[in-house]
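Source file: entry.cif (mmCIF, C-alpha atoms)
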```cif
data_coords
loop_
_atom_site.label_atom_id
_atom_site.label_comp_id
_atom_site.auth_asym_id
_atom_site.auth_seq_id
_atom_site.Cartn_x
_atom_site.Cartn_y
_atom_site.Cartn_z
CA MET D 28 4.51 59.16 -2.37
CA SER D 29 5.01 56.32 -4.81
CA TRP D 30 2.24 54.54 -6.67
CA LEU D 31 1.81 50.80 -6.35
CA PRO D 32 1.75 48.70 -9.49
CA VAL D 33 -1.88 48.08 -10.53
CA GLU D 34 -1.83 44.36 -9.68
CA GLU D 35 -0.49 45.08 -6.20
CA TYR D 36 -2.93 47.93 -5.62
CA VAL D 37 -5.91 45.79 -6.61
CA ARG D 38 -4.95 43.21 -3.96
CA THR D 39 -5.39 45.95 -1.30
CA LEU D 40 -9.00 46.65 -2.29
CA PRO D 41 -12.00 44.98 -0.67
CA SER D 42 -13.47 42.11 -2.67
CA ALA D 43 -17.10 41.77 -3.69
CA THR D 44 -19.30 39.50 -5.73
CA MET D 45 -22.19 40.60 -7.94
CA TYR D 46 -25.69 39.39 -8.63
CA ALA D 47 -28.14 40.51 -11.28
CA ALA D 48 -31.87 39.95 -11.62
CA LEU D 49 -34.99 40.96 -13.51
CA TYR D 50 -38.10 42.42 -11.88
CA PHE D 51 -41.34 41.31 -13.54
CA THR D 52 -44.95 42.11 -12.73
CA ASP D 53 -48.24 40.93 -14.14
CA ARG D 54 -50.71 43.25 -15.86
CA ASN D 55 -52.02 44.38 -12.45
CA GLY D 56 -48.54 45.47 -11.33
CA ASP D 57 -48.16 42.53 -8.94
CA PRO D 58 -44.55 41.27 -8.62
CA LEU D 59 -43.33 37.80 -9.62
CA ALA D 60 -41.01 35.87 -7.29
CA LEU D 61 -39.60 32.35 -7.27
CA ARG D 62 -39.55 30.03 -4.23
CA SER D 63 -36.08 28.70 -3.49
CA ALA D 64 -35.70 24.93 -3.67
CA GLN D 65 -32.96 25.09 -1.01
CA LYS D 66 -34.82 27.29 1.50
CA ALA D 67 -38.60 27.01 1.05
CA GLU D 68 -39.18 30.21 3.03
CA ALA D 69 -36.97 32.22 0.66
CA TRP D 70 -38.44 34.00 -2.34
CA GLN D 71 -36.18 35.34 -5.06
CA LEU D 72 -36.30 37.33 -8.26
CA PRO D 73 -35.27 35.59 -11.48
CA GLY D 74 -31.51 36.10 -11.50
CA GLY D 75 -28.31 35.06 -9.85
CA ASN D 76 -24.60 35.59 -9.53
CA VAL D 77 -22.61 37.24 -12.29
CA ASP D 78 -20.28 34.54 -13.59
CA HIS D 79 -16.96 34.71 -15.40
CA GLY D 80 -17.86 35.07 -19.05
CA ASP D 81 -20.93 37.25 -18.46
CA ALA D 82 -20.24 40.41 -20.45
CA THR D 83 -22.28 42.63 -18.10
CA PRO D 84 -24.59 42.31 -15.08
CA PHE D 85 -27.54 42.75 -17.47
CA ALA D 86 -26.30 39.81 -19.58
CA ALA D 87 -26.08 37.74 -16.38
CA ALA D 88 -29.66 38.70 -15.41
CA VAL D 89 -30.97 37.66 -18.84
CA ARG D 90 -28.99 34.38 -18.77
CA GLU D 91 -30.08 33.49 -15.23
CA CYS D 92 -33.71 34.36 -15.97
CA ARG D 93 -33.73 32.07 -19.01
CA GLU D 94 -32.07 29.24 -17.03
CA GLU D 95 -34.43 29.59 -14.06
CA THR D 96 -37.77 30.31 -15.76
CA GLY D 97 -37.47 29.68 -19.49
CA ILE D 98 -38.26 33.36 -20.11
CA ALA D 99 -36.04 34.64 -22.94
CA PHE D 100 -36.02 38.35 -22.11
CA THR D 101 -35.26 40.49 -25.16
CA GLY D 102 -35.80 43.99 -23.77
CA SER D 103 -33.24 46.71 -23.21
CA PRO D 104 -31.47 47.21 -19.89
CA SER D 105 -33.35 49.55 -17.59
CA LEU D 106 -31.81 49.63 -14.12
CA LEU D 107 -34.29 49.81 -11.23
CA LEU D 108 -32.07 49.06 -8.25
CA THR D 109 -28.46 48.93 -7.18
CA HIS D 110 -28.19 46.86 -4.02
CA PHE D 111 -25.18 46.77 -1.70
CA LEU D 112 -24.86 44.07 0.94
CA GLY D 113 -21.90 44.24 3.27
CA PRO D 114 -20.03 41.11 4.37
CA GLY D 115 -22.03 39.16 6.88
CA SER D 116 -22.64 35.85 8.52
CA GLY D 117 -22.08 33.08 6.01
CA TRP D 118 -20.74 35.37 3.26
CA PRO D 119 -17.16 36.64 3.56
CA CYS D 120 -17.29 39.63 1.21
CA ALA D 121 -19.60 42.36 0.05
CA LYS D 122 -22.15 41.69 -2.66
CA VAL D 123 -23.45 44.22 -5.18
CA GLY D 124 -26.71 43.59 -6.98
CA PHE D 125 -28.21 45.11 -10.11
CA VAL D 126 -31.93 44.60 -10.68
CA PHE D 127 -33.32 45.49 -14.10
CA ASP D 128 -36.89 46.06 -15.21
CA GLY D 129 -38.18 42.92 -16.92
CA GLY D 130 -41.52 44.52 -17.75
CA VAL D 131 -45.01 43.11 -17.63
CA LEU D 132 -45.92 39.46 -18.21
CA GLY D 133 -49.36 38.43 -19.38
CA ALA D 134 -51.16 35.33 -18.12
CA GLU D 135 -50.02 33.35 -21.18
CA GLU D 136 -46.36 34.24 -20.52
CA LEU D 137 -46.66 33.37 -16.83
CA ASP D 138 -48.24 30.03 -17.74
CA ARG D 139 -45.17 29.18 -19.86
CA ILE D 140 -42.73 29.53 -16.93
CA VAL D 141 -40.65 26.38 -16.59
CA LEU D 142 -38.65 26.26 -13.38
CA ASP D 143 -35.32 24.56 -12.83
CA PRO D 144 -36.30 22.21 -9.96
CA ALA D 145 -32.74 22.25 -8.61
CA GLU D 146 -33.14 25.98 -7.93
CA HIS D 147 -36.85 26.77 -7.50
CA SER D 148 -39.90 24.84 -6.37
CA GLY D 149 -42.58 27.33 -7.39
CA TRP D 150 -43.44 30.82 -8.51
CA LEU D 151 -46.04 33.30 -7.36
CA VAL D 152 -47.48 36.63 -8.45
CA GLN D 153 -49.33 38.60 -5.79
CA PRO D 154 -49.90 42.19 -4.60
CA LEU D 155 -47.24 43.87 -2.45
CA PRO D 156 -49.34 43.67 0.76
CA GLU D 157 -49.49 39.88 0.33
CA TRP D 158 -45.73 39.70 -0.29
CA GLU D 159 -45.20 41.47 3.02
CA LYS D 160 -46.89 38.48 4.71
CA THR D 161 -45.06 35.92 2.54
CA MET D 162 -41.40 36.96 2.49
CA SER D 163 -38.84 38.14 5.02
CA PRO D 164 -38.81 41.84 5.92
CA ARG D 165 -35.38 42.21 4.29
CA LEU D 166 -36.55 40.78 0.97
CA PHE D 167 -39.83 42.71 1.14
CA THR D 168 -37.83 45.95 1.52
CA ARG D 169 -36.07 45.13 -1.76
CA LEU D 170 -39.37 44.36 -3.50
CA THR D 171 -40.90 47.63 -2.24
CA ALA D 172 -37.87 49.60 -3.46
CA LEU D 173 -38.24 48.00 -6.90
CA ALA D 174 -41.95 48.81 -7.14
CA GLU D 175 -41.25 52.41 -6.13
CA ALA D 176 -38.37 52.75 -8.60
CA ARG D 177 -40.51 51.50 -11.45
CA GLY D 178 -43.36 53.80 -10.40
CA THR D 179 -41.20 56.91 -10.19
CA GLY D 180 -38.88 56.14 -13.10
CA ARG D 181 -35.87 56.70 -10.82
CA ALA D 182 -33.45 53.91 -9.98
CA ALA D 183 -33.06 53.21 -6.26
CA LEU D 184 -30.05 52.47 -4.08
CA LEU D 185 -30.54 50.02 -1.25
CA THR D 186 -27.71 49.40 1.21
CA GLU D 187 -27.42 46.71 3.85
CA PRO D 188 -24.06 47.00 5.60
CA GLY D 189 -23.15 43.76 7.32
CA ALA D 190 -26.20 41.99 5.92
CA VAL D 191 -26.80 38.30 6.34
CA MET D 192 -27.17 36.56 3.00
#
```
Represent the structure of the file as structure tokens.
Amino acid sequence: MSWLPVEEYVRTLPSATMYAALYFTDRNGDPLALRSAQKAEAWQLPGGNVDHGDATPFAAAVRECREETGIAFTGSPSLLLTHFLGPGSGWPCAKVGFVFDGGVLGAEELDRIVLDPAEHSGWLVQPLPEWEKTMSPRLFTRLTALAEARGTGRAALLTEPGAVM
């Protein structure tokens, strides 16, 4: 058996994109989410796609959080969730997500959030049972996995083969 040159071998592998985000709660442990400006029913964590030039997924999460909320996160990377979404309707390749613990925000820090209106129309902090009523079941599953990971101190793996983005 002969080995393929690296460049040729890489072309045979499935492609994927990456996203990275930060998970914040308030002092009561209630999660923060941002309302999408494009889809008002969609709630998102501060974060986004890993771009060329981002040194790591954590660097992308910190950059995206600052761009979307004005929060300049200075903590260390603490991974809470690795998220795999298979290719699905409207997205031609797999997507891998890394969600890091952003810690706890006090009322004064929450009050200083400045949203990018092109991306988000609002933010909300509320208990998990309220999020279950507010967001889609798929997104609520992610939020629940994050809360559990933070509570147990063990990072979670969430997989959604063939998920719709």
### Task
Give as a VMD selection string the residues that the PyMOL selection byres ((chain D and resi 62) around 7) matches when applied to the coordinates above.
chain D and resid 60 to 61 63 to 64 67 69 to 71 147 to 150
### Task
Mind giving me the straight-line distance from CA of Ala86 in chain D to CA of Val126 in chain D in Å, one decimal?
11.6 Å
Expansion of the PyMOL selection byres ((chain D and resi 170-183) around 12) into residues, as a PDB file with C-alpha atoms, keeping the file's coordinate frame:
```pdb
ATOM      1  CA  ALA D  48     -31.870  39.950 -11.620  1.00  0.00           C
ATOM      2  CA  LEU D  49     -34.990  40.960 -13.510  1.00  0.00           C
ATOM      3  CA  TYR D  50     -38.100  42.420 -11.880  1.00  0.00           C
ATOM      4  CA  PHE D  51     -41.340  41.310 -13.540  1.00  0.00           C
ATOM      5  CA  THR D  52     -44.950  42.110 -12.730  1.00  0.00           C
ATOM      6  CA  GLY D  56     -48.540  45.470 -11.330  1.00  0.00           C
ATOM      7  CA  ASP D  57     -48.160  42.530  -8.940  1.00  0.00           C
ATOM      8  CA  PRO D  58     -44.550  41.270  -8.620  1.00  0.00           C
ATOM      9  CA  LEU D  59     -43.330  37.800  -9.620  1.00  0.00           C
ATOM     10  CA  ALA D  60     -41.010  35.870  -7.290  1.00  0.00           C
ATOM     11  CA  TRP D  70     -38.440  34.000  -2.340  1.00  0.00           C
ATOM     12  CA  GLN D  71     -36.180  35.340  -5.060  1.00  0.00           C
ATOM     13  CA  LEU D  72     -36.300  37.330  -8.260  1.00  0.00           C
ATOM     14  CA  SER D 105     -33.350  49.550 -17.590  1.00  0.00           C
ATOM     15  CA  LEU D 106     -31.810  49.630 -14.120  1.00  0.00           C
ATOM     16  CA  LEU D 107     -34.290  49.810 -11.230  1.00  0.00           C
ATOM     17  CA  LEU D 108     -32.070  49.060  -8.250  1.00  0.00           C
ATOM     18  CA  THR D 109     -28.460  48.930  -7.180  1.00  0.00           C
ATOM     19  CA  HIS D 110     -28.190  46.860  -4.020  1.00  0.00           C
ATOM     20  CA  PHE D 111     -25.180  46.770  -1.700  1.00  0.00           C
ATOM     21  CA  GLY D 124     -26.710  43.590  -6.980  1.00  0.00           C
ATOM     22  CA  PHE D 125     -28.210  45.110 -10.110  1.00  0.00           C
ATOM     23  CA  VAL D 126     -31.930  44.600 -10.680  1.00  0.00           C
ATOM     24  CA  PHE D 127     -33.320  45.490 -14.100  1.00  0.00           C
ATOM     25  CA  ASP D 128     -36.890  46.060 -15.210  1.00  0.00           C
ATOM     26  CA  GLY D 129     -38.180  42.920 -16.920  1.00  0.00           C
ATOM     27  CA  GLY D 130     -41.520  44.520 -17.750  1.00  0.00           C
ATOM     28  CA  VAL D 131     -45.010  43.110 -17.630  1.00  0.00           C
ATOM     29  CA  GLN D 153     -49.330  38.600  -5.790  1.00  0.00           C
ATOM     30  CA  PRO D 154     -49.900  42.190  -4.600  1.00  0.00           C
ATOM     31  CA  LEU D 155     -47.240  43.870  -2.450  1.00  0.00           C
ATOM     32  CA  PRO D 156     -49.340  43.670   0.760  1.00  0.00           C
ATOM     33  CA  GLU D 157     -49.490  39.880   0.330  1.00  0.00           C
ATOM     34  CA  TRP D 158     -45.730  39.700  -0.290  1.00  0.00           C
ATOM     35  CA  GLU D 159     -45.200  41.470   3.020  1.00  0.00           C
ATOM     36  CA  THR D 161     -45.060  35.920   2.540  1.00  0.00           C
ATOM     37  CA  MET D 162     -41.400  36.960   2.490  1.00  0.00           C
ATOM     38  CA  SER D 163     -38.840  38.140   5.020  1.00  0.00           C
ATOM     39  CA  PRO D 164     -38.810  41.840   5.920  1.00  0.00           C
ATOM     40  CA  ARG D 165     -35.380  42.210   4.290  1.00  0.00           C
ATOM     41  CA  LEU D 166     -36.550  40.780   0.970  1.00  0.00           C
ATOM     42  CA  PHE D 167     -39.830  42.710   1.140  1.00  0.00           C
ATOM     43  CA  THR D 168     -37.830  45.950   1.520  1.00  0.00           C
ATOM     44  CA  ARG D 169     -36.070  45.130  -1.760  1.00  0.00           C
ATOM     45  CA  LEU D 184     -30.050  52.470  -4.080  1.00  0.00           C
ATOM     46  CA  LEU D 185     -30.540  50.020  -1.250  1.00  0.00           C
ATOM     47  CA  THR D 186     -27.710  49.400   1.210  1.00  0.00           C
TER      48      THR D 186
END
```
### Task
Can you work out the spacing between CA of Asn76 in chain D and CA of Lys122 in chain D in Å, to one decimal?
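So the two atoms, CA of Asn76 in chain D and CA of Lys122 in chain D, lie 9.5 Å apart.
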### Message
Can you measure CA of Pro104 in chain D to CA of Arg139 in chain D for me? One decimal in Å is fine.
### Response
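Taking CA of Pro104 in chain D and CA of Arg139 in chain D, their separation equals 22.6 Å.
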### Message
Set the distance at 8 Å and use all atoms listed in the file: which residues neighbour Ala121 in chain D once local chain neighbours fewer than 4 positions away are removed? I'd like the list as number ranges by chain.
### Response
D: 42-44, 111-115
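With distances restricted to all atoms listed in the file, D:Leu142 is the closest residue to Glu94 in chain D from D:Val77, D:Cys120, D:Val33, D:Leu142.
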The PyMOL selection byres ((chain D and resi 87) around 10) - which residues does that actually catch in the file I just gave you? List them as a CSV table (one decimal) with C-alpha atoms, in the coordinates of the input.
```csv
chain,number,residue,atom,x,y,z
D,45,MET,CA,-22.2,40.6,-7.9
D,46,TYR,CA,-25.7,39.4,-8.6
D,47,ALA,CA,-28.1,40.5,-11.3
D,48,ALA,CA,-31.9,40.0,-11.6
D,49,LEU,CA,-35.0,41.0,-13.5
D,74,GLY,CA,-31.5,36.1,-11.5
D,75,GLY,CA,-28.3,35.1,-9.8
D,76,ASN,CA,-24.6,35.6,-9.5
D,77,VAL,CA,-22.6,37.2,-12.3
D,78,ASP,CA,-20.3,34.5,-13.6
D,79,HIS,CA,-17.0,34.7,-15.4
D,80,GLY,CA,-17.9,35.1,-19.0
D,81,ASP,CA,-20.9,37.2,-18.5
D,82,ALA,CA,-20.2,40.4,-20.4
D,83,THR,CA,-22.3,42.6,-18.1
D,84,PRO,CA,-24.6,42.3,-15.1
D,85,PHE,CA,-27.5,42.8,-17.5
D,86,ALA,CA,-26.3,39.8,-19.6
D,88,ALA,CA,-29.7,38.7,-15.4
D,89,VAL,CA,-31.0,37.7,-18.8
D,90,ARG,CA,-29.0,34.4,-18.8
D,91,GLU,CA,-30.1,33.5,-15.2
D,92,CYS,CA,-33.7,34.4,-16.0
D,93,ARG,CA,-33.7,32.1,-19.0
D,125,PHE,CA,-28.2,45.1,-10.1
```
Output as lines of an AutoDock Vina configuration file the centre and edge lengths (Å, one decimal) of the box along x, y and z of the file that holds every listed atom of range 114-130 of chain D after adding 5 Å on each side.
```
center_x = -29.3
center_y = 39.6
center_z = -4.6
size_x = 34.4
size_y = 23.0
size_z = 36.3
```
Counting only C-alpha atoms, which residues sit no farther than 12 Å from the position (-44.7, 27.9, -21.3) in the file's frame? I'd like them as a PDB file with C-alpha atoms, in the coordinates of the input.
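Listed below is the output, part.pdb:
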```pdb
ATOM      1  CA  ARG D  93     -33.730  32.070 -19.010  1.00  0.00           C
ATOM      2  CA  THR D  96     -37.770  30.310 -15.760  1.00  0.00           C
ATOM      3  CA  GLY D  97     -37.470  29.680 -19.490  1.00  0.00           C
ATOM      4  CA  ILE D  98     -38.260  33.360 -20.110  1.00  0.00           C
ATOM      5  CA  ALA D  99     -36.040  34.640 -22.940  1.00  0.00           C
ATOM      6  CA  GLY D 133     -49.360  38.430 -19.380  1.00  0.00           C
ATOM      7  CA  ALA D 134     -51.160  35.330 -18.120  1.00  0.00           C
ATOM      8  CA  GLU D 135     -50.020  33.350 -21.180  1.00  0.00           C
ATOM      9  CA  GLU D 136     -46.360  34.240 -20.520  1.00  0.00           C
ATOM     10  CA  LEU D 137     -46.660  33.370 -16.830  1.00  0.00           C
ATOM     11  CA  ASP D 138     -48.240  30.030 -17.740  1.00  0.00           C
ATOM     12  CA  ARG D 139     -45.170  29.180 -19.860  1.00  0.00           C
ATOM     13  CA  ILE D 140     -42.730  29.530 -16.930  1.00  0.00           C
ATOM     14  CA  VAL D 141     -40.650  26.380 -16.590  1.00  0.00           C
ATOM     15  CA  LEU D 142     -38.650  26.260 -13.380  1.00  0.00           C
TER      16      LEU D 142
END
```
